[in-house]
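Here's entry.pdb, which has PDB, C-alpha atoms:
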ATOM      1  CA  MET O 239       0.000   0.000   0.000
ATOM      2  CA  ASN O 240       1.517   3.328  -1.091
ATOM      3  CA  VAL O 241       0.458   5.881   1.476
ATOM      4  CA  LEU O 242       3.118   8.560   0.973
ATOM      5  CA  ALA O 243       0.646  11.188  -0.300
ATOM      6  CA  TYR O 244      -1.656  10.515   2.644
ATOM      7  CA  ARG O 245       1.214  10.853   5.101
ATOM      8  CA  LYS O 246       2.243  14.162   3.501
ATOM      9  CA  LEU O 247      -1.317  15.417   3.931
ATOM     10  CA  ILE O 248      -1.299  14.460   7.617
ATOM     11  CA  GLU O 249       2.115  16.112   8.062
ATOM     12  CA  ASN O 250       0.628  19.354   6.710
ATOM     13  CA  PHE O 251      -1.418  19.414   9.917
ATOM     14  CA  ILE O 252       0.761  17.834  12.611
ATOM     15  CA  LYS O 253       4.155  16.359  13.369
ATOM     16  CA  ILE O 254       3.883  12.588  13.478
ATOM     17  CA  SER O 255       6.662  10.239  14.563
ATOM     18  CA  TYR O 256       7.653   7.138  12.650
ATOM     19  CA  LYS O 257       6.118   4.932  15.351
ATOM     20  CA  GLU O 258       2.870   6.945  15.370
ATOM     21  CA  TRP O 259       2.662   6.733  11.587
ATOM     22  CA  GLU O 260       3.183   2.963  11.711
ATOM     23  CA  GLU O 261       0.162   2.684  14.003
ATOM     24  CA  TYR O 262      -1.863   5.069  11.838
ATOM     25  CA  GLU O 263      -0.997   3.159   8.675
ATOM     26  CA  SER O 264      -1.868  -0.188  10.292
ATOM     27  CA  TYR O 265      -5.465   1.019  10.683
ATOM     28  CA  LEU O 266      -5.898   1.958   7.017
ATOM     29  CA  THR O 267      -7.760  -0.304   4.625
ATOM     30  CA  ILE O 268      -8.029  -0.062   0.862
ATOM     31  CA  LYS O 269     -11.378   0.211  -0.902
ATOM     32  CA  LYS O 270     -11.481   0.046  -4.689
ATOM     33  CA  LEU O 271     -14.526   1.507  -6.379
ATOM     34  CA  ALA O 272     -15.621   0.974  -9.956
ATOM     35  CA  THR O 273     -17.257   3.842 -11.829
ATOM     36  CA  ASN O 274     -20.696   4.567 -10.281
ATOM     37  CA  GLU O 275     -19.954   2.395  -7.242
ATOM     38  CA  PHE O 276     -20.814   3.944  -3.872
ATOM     39  CA  PHE O 277     -18.582   4.690  -0.916
ATOM     40  CA  LEU O 278     -21.719   5.879   0.899
ATOM     41  CA  GLN O 279     -25.421   5.897   0.051
ATOM     42  CA  ALA O 280     -28.076   8.148   1.549
ATOM     43  CA  GLY O 281     -29.675   6.388   4.492
ATOM     44  CA  GLN O 282     -26.486   4.587   5.535
ATOM     45  CA  VAL O 283     -24.469   5.684   8.545
ATOM     46  CA  CYS O 284     -21.015   6.871   7.468
ATOM     47  CA  LYS O 285     -18.351   4.872   9.309
ATOM     48  CA  HIS O 286     -15.119   5.997   7.619
ATOM     49  CA  VAL O 287     -13.018   8.938   6.599
ATOM     50  CA  ALA O 288     -11.533   8.248   3.162
ATOM     51  CA  PHE O 289      -8.429   9.561   1.441
ATOM     52  CA  VAL O 290      -8.718   9.511  -2.341
ATOM     53  CA  GLN O 291      -5.557   7.715  -3.432
ATOM     54  CA  THR O 292      -6.510   7.585  -7.120
ATOM     55  CA  GLY O 293      -9.604   8.514  -9.054
ATOM     56  CA  LEU O 294     -12.450  10.932  -8.510
ATOM     57  CA  VAL O 295     -15.575  10.774  -6.360
ATOM     58  CA  ARG O 296     -18.690  12.903  -6.227
ATOM     59  CA  MET O 297     -20.740  13.856  -3.192
ATOM     60  CA  TYR O 298     -24.356  14.604  -3.988
ATOM     61  CA  ILE O 299     -27.749  14.971  -2.371
ATOM     62  CA  PRO O 300     -30.408  12.789  -3.960
ATOM     63  CA  THR O 301     -33.784  14.485  -4.257
ATOM     64  CA  PRO O 302     -36.967  13.185  -5.887
ATOM     65  CA  ASN O 303     -36.380  15.276  -9.028
ATOM     66  CA  LYS O 304     -32.589  15.428  -9.381
ATOM     67  CA  GLU O 305     -29.185  14.855  -7.831
ATOM     68  CA  ILE O 306     -27.581  17.983  -6.396
ATOM     69  CA  THR O 307     -23.805  17.703  -6.677
ATOM     70  CA  VAL O 308     -22.160  19.178  -3.591
ATOM     71  CA  ASP O 309     -18.498  18.446  -4.303
ATOM     72  CA  LEU O 310     -16.012  16.618  -6.492
ATOM     73  CA  ILE O 311     -13.089  15.082  -4.627
ATOM     74  CA  SER O 312      -9.939  14.058  -6.467
ATOM     75  CA  GLU O 313      -6.599  12.505  -5.621
ATOM     76  CA  GLY O 314      -4.916  13.639  -2.452
ATOM     77  CA  LYS O 315      -8.068  14.815  -0.690
ATOM     78  CA  LEU O 316     -10.220  13.566   2.163
ATOM     79  CA  ILE O 317     -13.897  12.735   1.946
ATOM     80  CA  THR O 318     -16.519  11.775   4.504
ATOM     81  CA  ASP O 319     -19.967  12.780   5.639
ATOM     82  CA  TYR O 320     -19.012  14.355   8.966
ATOM     83  CA  PRO O 321     -22.573  14.914  10.249
ATOM     84  CA  SER O 322     -23.330  11.219   9.746
ATOM     85  CA  LEU O 323     -19.922  10.034  10.975
ATOM     86  CA  LEU O 324     -19.894  12.050  14.188
ATOM     87  CA  ALA O 325     -23.587  11.811  15.107
ATOM     88  CA  LYS O 326     -23.851   8.193  13.909
ATOM     89  CA  LYS O 327     -27.037   9.058  12.048
ATOM     90  CA  PRO O 328     -28.166   8.140   8.526
ATOM     91  CA  SER O 329     -26.499  10.167   5.806
ATOM     92  CA  LYS O 330     -28.416  12.511   3.553
ATOM     93  CA  VAL O 331     -25.717  12.360   0.872
ATOM     94  CA  CYS O 332     -24.297   9.838  -1.542
ATOM     95  CA  ILE O 333     -20.603   9.522  -2.286
ATOM     96  CA  GLU O 334     -20.030   7.767  -5.606
ATOM     97  CA  ALA O 335     -17.017   7.074  -7.836
ATOM     98  CA  VAL O 336     -17.059   9.126 -11.037
ATOM     99  CA  GLU O 337     -14.226   6.970 -12.358
ATOM    100  CA  PRO O 338     -12.374   3.921 -11.037
ATOM    101  CA  SER O 339     -11.019   5.025  -7.662
ATOM    102  CA  GLU O 340      -8.924   3.710  -4.817
ATOM    103  CA  LEU O 341      -9.643   4.999  -1.327
ATOM    104  CA  LEU O 342      -7.728   4.570   1.901
ATOM    105  CA  LEU O 343     -10.234   4.183   4.708
ATOM    106  CA  LEU O 344      -9.878   4.992   8.382
ATOM    107  CA  SER O 345     -12.806   3.853  10.500
ATOM    108  CA  GLU O 346     -14.357   6.226  13.022
ATOM    109  CA  GLU O 347     -13.530   3.697  15.741
ATOM    110  CA  LYS O 348      -9.816   3.658  14.824
ATOM    111  CA  MET O 349      -9.850   7.425  14.413
ATOM    112  CA  GLN O 350     -10.849   7.699  18.091
ATOM    113  CA  VAL O 351      -7.986   5.353  19.053
ATOM    114  CA  LEU O 352      -5.538   7.520  17.106
ATOM    115  CA  TYR O 353      -6.821  10.670  18.809
ATOM    116  CA  LYS O 354      -5.670   9.069  22.082
ATOM    117  CA  ASN O 355      -2.473   7.365  20.910
ATOM    118  CA  ILE O 356      -0.920  10.055  18.718
ATOM    119  CA  ALA O 357       0.569  13.022  20.591
ATOM    120  CA  GLU O 358      -1.165  15.541  18.325
ATOM    121  CA  GLY O 359      -4.124  13.312  17.415
ATOM    122  CA  GLN O 360      -6.790  15.632  18.833
ATOM    123  CA  LYS O 361      -5.173  18.548  17.030
ATOM    124  CA  LEU O 362      -5.226  16.591  13.752
ATOM    125  CA  GLY O 363      -8.937  15.859  14.068
ATOM    126  CA  ARG O 364      -9.724  19.471  14.927
ATOM    127  CA  LEU O 365      -7.636  20.905  12.063
ATOM    128  CA  ILE O 366      -9.146  18.567   9.475
ATOM    129  CA  ALA O 367     -12.672  19.339  10.707
ATOM    130  CA  GLU O 368     -11.875  23.067  10.580
ATOM    131  CA  MET O 369     -10.510  22.752   7.028
ATOM    132  CA  LEU O 370     -13.621  20.928   5.826
ATOM    133  CA  TYR O 371     -15.868  23.433   7.602
ATOM    134  CA  VAL O 372     -14.115  26.407   5.990
ATOM    135  CA  GLN O 373     -14.383  24.773   2.554
ATOM    136  CA  ALA O 374     -18.120  24.202   3.058
ATOM    137  CA  VAL O 375     -18.733  27.784   4.212
ATOM    138  CA  GLU O 376     -16.704  29.177   1.295
ATOM    139  CA  ARG O 377     -18.827  27.172  -1.155
ATOM    140  CA  LEU O 378     -22.014  28.542   0.452
ATOM    141  CA  GLU O 379     -20.658  32.089   0.309
ATOM    142  CA  ILE O 380     -19.872  31.653  -3.373
ATOM    143  CA  ILE O 381     -23.358  30.352  -4.137
ATOM    144  CA  TYR O 382     -25.300  32.889  -2.088
ATOM    145  CA  SER O 383     -23.278  36.092  -2.266
ATOM    146  CA  GLU O 384     -21.822  36.238  -5.760
ATOM    147  CA  THR O 385     -23.250  36.799  -9.208
ATOM    148  CA  ILE O 386     -23.402  33.798 -11.500
ATOM    149  CA  GLU O 387     -20.384  35.092 -13.443
ATOM    150  CA  GLU O 388     -18.353  35.648 -10.257
ATOM    151  CA  ARG O 389     -19.398  32.197  -9.062
ATOM    152  CA  TYR O 390     -18.249  30.623 -12.312
ATOM    153  CA  LEU O 391     -14.881  32.404 -12.299
ATOM    154  CA  ARG O 392     -14.165  31.507  -8.672
ATOM    155  CA  LEU O 393     -15.321  27.891  -8.856
ATOM    156  CA  ASN O 394     -13.631  27.442 -12.213
ATOM    157  CA  LYS O 395     -10.275  28.039 -10.523
ATOM    158  CA  ILE O 396     -11.044  25.204  -8.108
ATOM    159  CA  LEU O 397     -12.739  22.832 -10.545
ATOM    160  CA  ALA O 398     -10.802  23.508 -13.786
ATOM    161  CA  PRO O 399      -8.445  20.537 -13.298
ATOM    162  CA  LEU O 400     -11.493  18.257 -13.054
ATOM    163  CA  ALA O 401     -13.576  19.738 -15.878
ATOM    164  CA  HIS O 402     -12.411  17.200 -18.478
ATOM    165  CA  ARG O 403     -13.147  14.311 -16.095
ATOM    166  CA  VAL O 404     -16.803  15.016 -15.322
ATOM    167  CA  PRO O 405     -19.998  15.918 -17.170
ATOM    168  CA  GLN O 406     -20.618  19.667 -17.195
ATOM    169  CA  TYR O 407     -23.962  19.218 -15.457
ATOM    170  CA  TYR O 408     -22.052  18.177 -12.300
ATOM    171  CA  ILE O 409     -20.217  21.493 -12.346
ATOM    172  CA  ALA O 410     -23.440  23.381 -13.047
ATOM    173  CA  SER O 411     -25.057  21.587 -10.105
ATOM    174  CA  ILE O 412     -22.207  22.569  -7.761
ATOM    175  CA  MET O 413     -22.721  26.173  -8.888
ATOM    176  CA  GLY O 414     -26.455  25.926  -8.244
ATOM    177  CA  ILE O 415     -27.404  26.646 -11.852
ATOM    178  CA  ALA O 416     -28.849  24.772 -14.834
ATOM    179  CA  PRO O 417     -26.414  23.284 -17.386
ATOM    180  CA  GLU O 418     -27.800  25.640 -20.063
ATOM    181  CA  THR O 419     -26.992  28.623 -17.851
ATOM    182  CA  LEU O 420     -23.448  27.334 -17.380
ATOM    183  CA  SER O 421     -23.004  27.110 -21.153
ATOM    184  CA  ARG O 422     -24.316  30.672 -21.578
ATOM    185  CA  ILE O 423     -22.002  32.006 -18.854
ATOM    186  CA  LYS O 424     -18.978  30.273 -20.368
ATOM    187  CA  ARG O 425     -19.731  31.754 -23.807
ATOM    188  CA  LYS O 426     -20.255  35.226 -22.325
ATOM    189  CA  ILE O 427     -16.965  35.112 -20.409
ATOM    190  CA  GLU O 428     -15.086  33.732 -23.425
ATOM    191  CA  LYS O 429     -16.422  36.624 -25.545
ATOM    192  CA  LYS O 430     -15.261  39.148 -22.897
ATOM    193  CA  GLN O 431     -11.806  37.570 -22.784
ATOM    194  CA  TYR O 432     -11.596  37.480 -26.569
ATOM    195  CA  VAL O 433     -12.459  41.205 -26.806
ATOM    196  CA  HIS O 434      -9.786  42.154 -24.267
TER
END
Could you render the structure as structure tokens?
Amino acid sequence: MNVLAYRKLIENFIKISYKEWEEYESYLTIKKLATNEFFLQAGQVCKHVAFVQTGLVRMYIPTPNKEITVDLISEGKLITDYPSLLAKKPSKVCIEAVEPSELLLLSEEKMQVLYKNIAEGQKLGRLIAEMLYVQAVERLEIIYSETIEERYLRLNKILAPLAHRVPQYYIASIMGIAPETLSRIKRKIEKKQYVH
């Protein structure tokens, strides 16, 4: 199991000794997902935090009329449904592979053990939760406080590396707009850039 990228991510938050990392790594399991296979389905209780080793996953909210894409998570990033994981309640989201993906899983149970056994374990959990919270709030701010054009330009910086890997309607859904509106906005911005 190649976990170097995961370790580097953890080391961005805390100092972790060789012995602590050995324990951490011993708790990781690999989960391979085929395209359209679920890591989590709405109604299930989330029991793991996952690190996307390879591939791309999508978090979305299923509604009776459509799926609302909340996020796209690519290599080197963490994914979980924290409300479900922490409260041990059924999830309202689905997390599904957009392409073949390999995840490194850490169970909530082992996460609690690591919080106790790693010197900066509590700090790690807090910093990761804070990072995910800030990302969620920033996405809400983008959707509710910016014009559609501003929203596109800002989210495009974040999502541009993934644009060729997903259908455009996923990106439109993240932006809170219809796919046709996304196409119109892209054309309008391209015209502005061409004129300048």
Determine, using only C-alpha atoms, which residues of region 363-390 of chain O have any atom at most 10 Å from an atom of region 243-253 of chain O, and tabulate each with its shortest atom pair and distance in Å to one decimal place, rows ordered by chain and then rising number, as a tab-separated table.
residue	atom	partner	partner_atom	distance
O:Gly363	CA	O:Phe251	CA	9.3
O:Arg364	CA	O:Phe251	CA	9.7
O:Leu365	CA	O:Phe251	CA	6.7
O:Ile366	CA	O:Phe251	CA	7.8
Let me know the residues the PyMOL selection byres ((chain O and resi 412) around 8) catches in the file above, as a JSON list (two decimals) with C-alpha atoms, in the coordinates of the input.
[["chain", "number", "residue", "atom", "x", "y", "z"],
["O", 306, "ILE", "CA", -27.58, 17.98, -6.40],
["O", 307, "THR", "CA", -23.80, 17.70, -6.68],
["O", 308, "VAL", "CA", -22.16, 19.18, -3.59],
["O", 309, "ASP", "CA", -18.50, 18.45, -4.30],
["O", 408, "TYR", "CA", -22.05, 18.18, -12.30],
["O", 409, "ILE", "CA", -20.22, 21.49, -12.35],
["O", 410, "ALA", "CA", -23.44, 23.38, -13.05],
["O", 411, "SER", "CA", -25.06, 21.59, -10.10],
["O", 413, "MET", "CA", -22.72, 26.17, -8.89],
["O", 414, "GLY", "CA", -26.46, 25.93, -8.24],
["O", 415, "ILE", "CA", -27.40, 26.65, -11.85]]
Given the PyMOL selection byres ((chain O and resi 424) around 12), the residues it picks as a compact mmCIF listing (two decimals) with C-alpha atoms, in the frame of the given file:
# COMPACT_ATOMS: atom_id res chain seq x y z
CA ILE O 386 -23.40 33.80 -11.50
CA GLU O 387 -20.38 35.09 -13.44
CA GLU O 388 -18.35 35.65 -10.26
CA ARG O 389 -19.40 32.20 -9.06
CA TYR O 390 -18.25 30.62 -12.31
CA LEU O 391 -14.88 32.40 -12.30
CA ASN O 394 -13.63 27.44 -12.21
CA GLN O 406 -20.62 19.67 -17.20
CA ILE O 409 -20.22 21.49 -12.35
CA ALA O 410 -23.44 23.38 -13.05
CA PRO O 417 -26.41 23.28 -17.39
CA GLU O 418 -27.80 25.64 -20.06
CA THR O 419 -26.99 28.62 -17.85
CA LEU O 420 -23.45 27.33 -17.38
CA SER O 421 -23.00 27.11 -21.15
CA ARG O 422 -24.32 30.67 -21.58
CA ILE O 423 -22.00 32.01 -18.85
CA ARG O 425 -19.73 31.75 -23.81
CA LYS O 426 -20.26 35.23 -22.32
CA ILE O 427 -16.96 35.11 -20.41
CA GLU O 428 -15.09 33.73 -23.42
CA LYS O 429 -16.42 36.62 -25.54
CA LYS O 430 -15.26 39.15 -22.90
CA GLN O 431 -11.81 37.57 -22.78
- Item | Residue IDs satisfying the PyMOL selection byres ((chain O and resi 281-283) around 10), as a ChimeraX atom specification | /O:278-280,284-286,319,321-332
- State, in Å with one decimal place, the distance from CA of Arg296 (chain O) to CA of Ser312 (chain O).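 CA of Arg296 (chain O) sits 8.8 Å away from CA of Ser312 (chain O).
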- Query: CA of Ile333 (chain O) and CA of Ala401 (chain O), how far apart in Å?
  - Reply: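 Going from CA of Ala401 (chain O) over to CA of Ile333 (chain O) covers 18.4 Å.
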Save C-alpha atoms of region 255-346 of chain O from the block above as an mmCIF file, in the first residue's frame.
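New file out.cif:
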data_model
loop_
_atom_site.group_PDB
_atom_site.id
_atom_site.type_symbol
_atom_site.label_atom_id
_atom_site.label_comp_id
_atom_site.auth_asym_id
_atom_site.auth_seq_id
_atom_site.Cartn_x
_atom_site.Cartn_y
_atom_site.Cartn_z
ATOM 1 C CA SER O 255 6.662 10.239 14.563
ATOM 2 C CA TYR O 256 7.653 7.138 12.650
ATOM 3 C CA LYS O 257 6.118 4.932 15.351
ATOM 4 C CA GLU O 258 2.870 6.945 15.370
ATOM 5 C CA TRP O 259 2.662 6.733 11.587
ATOM 6 C CA GLU O 260 3.183 2.963 11.711
ATOM 7 C CA GLU O 261 0.162 2.684 14.003
ATOM 8 C CA TYR O 262 -1.863 5.069 11.838
ATOM 9 C CA GLU O 263 -0.997 3.159 8.675
ATOM 10 C CA SER O 264 -1.868 -0.188 10.292
ATOM 11 C CA TYR O 265 -5.465 1.019 10.683
ATOM 12 C CA LEU O 266 -5.898 1.958 7.017
ATOM 13 C CA THR O 267 -7.760 -0.304 4.625
ATOM 14 C CA ILE O 268 -8.029 -0.062 0.862
ATOM 15 C CA LYS O 269 -11.378 0.211 -0.902
ATOM 16 C CA LYS O 270 -11.481 0.046 -4.689
ATOM 17 C CA LEU O 271 -14.526 1.507 -6.379
ATOM 18 C CA ALA O 272 -15.621 0.974 -9.956
ATOM 19 C CA THR O 273 -17.257 3.842 -11.829
ATOM 20 C CA ASN O 274 -20.696 4.567 -10.281
ATOM 21 C CA GLU O 275 -19.954 2.395 -7.242
ATOM 22 C CA PHE O 276 -20.814 3.944 -3.872
ATOM 23 C CA PHE O 277 -18.582 4.690 -0.916
ATOM 24 C CA LEU O 278 -21.719 5.879 0.899
ATOM 25 C CA GLN O 279 -25.421 5.897 0.051
ATOM 26 C CA ALA O 280 -28.076 8.148 1.549
ATOM 27 C CA GLY O 281 -29.675 6.388 4.492
ATOM 28 C CA GLN O 282 -26.486 4.587 5.535
ATOM 29 C CA VAL O 283 -24.469 5.684 8.545
ATOM 30 C CA CYS O 284 -21.015 6.871 7.468
ATOM 31 C CA LYS O 285 -18.351 4.872 9.309
ATOM 32 C CA HIS O 286 -15.119 5.997 7.619
ATOM 33 C CA VAL O 287 -13.018 8.938 6.599
ATOM 34 C CA ALA O 288 -11.533 8.248 3.162
ATOM 35 C CA PHE O 289 -8.429 9.561 1.441
ATOM 36 C CA VAL O 290 -8.718 9.511 -2.341
ATOM 37 C CA GLN O 291 -5.557 7.715 -3.432
ATOM 38 C CA THR O 292 -6.510 7.585 -7.120
ATOM 39 C CA GLY O 293 -9.604 8.514 -9.054
ATOM 40 C CA LEU O 294 -12.450 10.932 -8.510
ATOM 41 C CA VAL O 295 -15.575 10.774 -6.360
ATOM 42 C CA ARG O 296 -18.690 12.903 -6.227
ATOM 43 C CA MET O 297 -20.740 13.856 -3.192
ATOM 44 C CA TYR O 298 -24.356 14.604 -3.988
ATOM 45 C CA ILE O 299 -27.749 14.971 -2.371
ATOM 46 C CA PRO O 300 -30.408 12.789 -3.960
ATOM 47 C CA THR O 301 -33.784 14.485 -4.257
ATOM 48 C CA PRO O 302 -36.967 13.185 -5.887
ATOM 49 C CA ASN O 303 -36.380 15.276 -9.028
ATOM 50 C CA LYS O 304 -32.589 15.428 -9.381
ATOM 51 C CA GLU O 305 -29.185 14.855 -7.831
ATOM 52 C CA ILE O 306 -27.581 17.983 -6.396
ATOM 53 C CA THR O 307 -23.805 17.703 -6.677
ATOM 54 C CA VAL O 308 -22.160 19.178 -3.591
ATOM 55 C CA ASP O 309 -18.498 18.446 -4.303
ATOM 56 C CA LEU O 310 -16.012 16.618 -6.492
ATOM 57 C CA ILE O 311 -13.089 15.082 -4.627
ATOM 58 C CA SER O 312 -9.939 14.058 -6.467
ATOM 59 C CA GLU O 313 -6.599 12.505 -5.621
ATOM 60 C CA GLY O 314 -4.916 13.639 -2.452
ATOM 61 C CA LYS O 315 -8.068 14.815 -0.690
ATOM 62 C CA LEU O 316 -10.220 13.566 2.163
ATOM 63 C CA ILE O 317 -13.897 12.735 1.946
ATOM 64 C CA THR O 318 -16.519 11.775 4.504
ATOM 65 C CA ASP O 319 -19.967 12.780 5.639
ATOM 66 C CA TYR O 320 -19.012 14.355 8.966
ATOM 67 C CA PRO O 321 -22.573 14.914 10.249
ATOM 68 C CA SER O 322 -23.330 11.219 9.746
ATOM 69 C CA LEU O 323 -19.922 10.034 10.975
ATOM 70 C CA LEU O 324 -19.894 12.050 14.188
ATOM 71 C CA ALA O 325 -23.587 11.811 15.107
ATOM 72 C CA LYS O 326 -23.851 8.193 13.909
ATOM 73 C CA LYS O 327 -27.037 9.058 12.048
ATOM 74 C CA PRO O 328 -28.166 8.140 8.526
ATOM 75 C CA SER O 329 -26.499 10.167 5.806
ATOM 76 C CA LYS O 330 -28.416 12.511 3.553
ATOM 77 C CA VAL O 331 -25.717 12.360 0.872
ATOM 78 C CA CYS O 332 -24.297 9.838 -1.542
ATOM 79 C CA ILE O 333 -20.603 9.522 -2.286
ATOM 80 C CA GLU O 334 -20.030 7.767 -5.606
ATOM 81 C CA ALA O 335 -17.017 7.074 -7.836
ATOM 82 C CA VAL O 336 -17.059 9.126 -11.037
ATOM 83 C CA GLU O 337 -14.226 6.970 -12.358
ATOM 84 C CA PRO O 338 -12.374 3.921 -11.037
ATOM 85 C CA SER O 339 -11.019 5.025 -7.662
ATOM 86 C CA GLU O 340 -8.924 3.710 -4.817
ATOM 87 C CA LEU O 341 -9.643 4.999 -1.327
ATOM 88 C CA LEU O 342 -7.728 4.570 1.901
ATOM 89 C CA LEU O 343 -10.234 4.183 4.708
ATOM 90 C CA LEU O 344 -9.878 4.992 8.382
ATOM 91 C CA SER O 345 -12.806 3.853 10.500
ATOM 92 C CA GLU O 346 -14.357 6.226 13.022
#
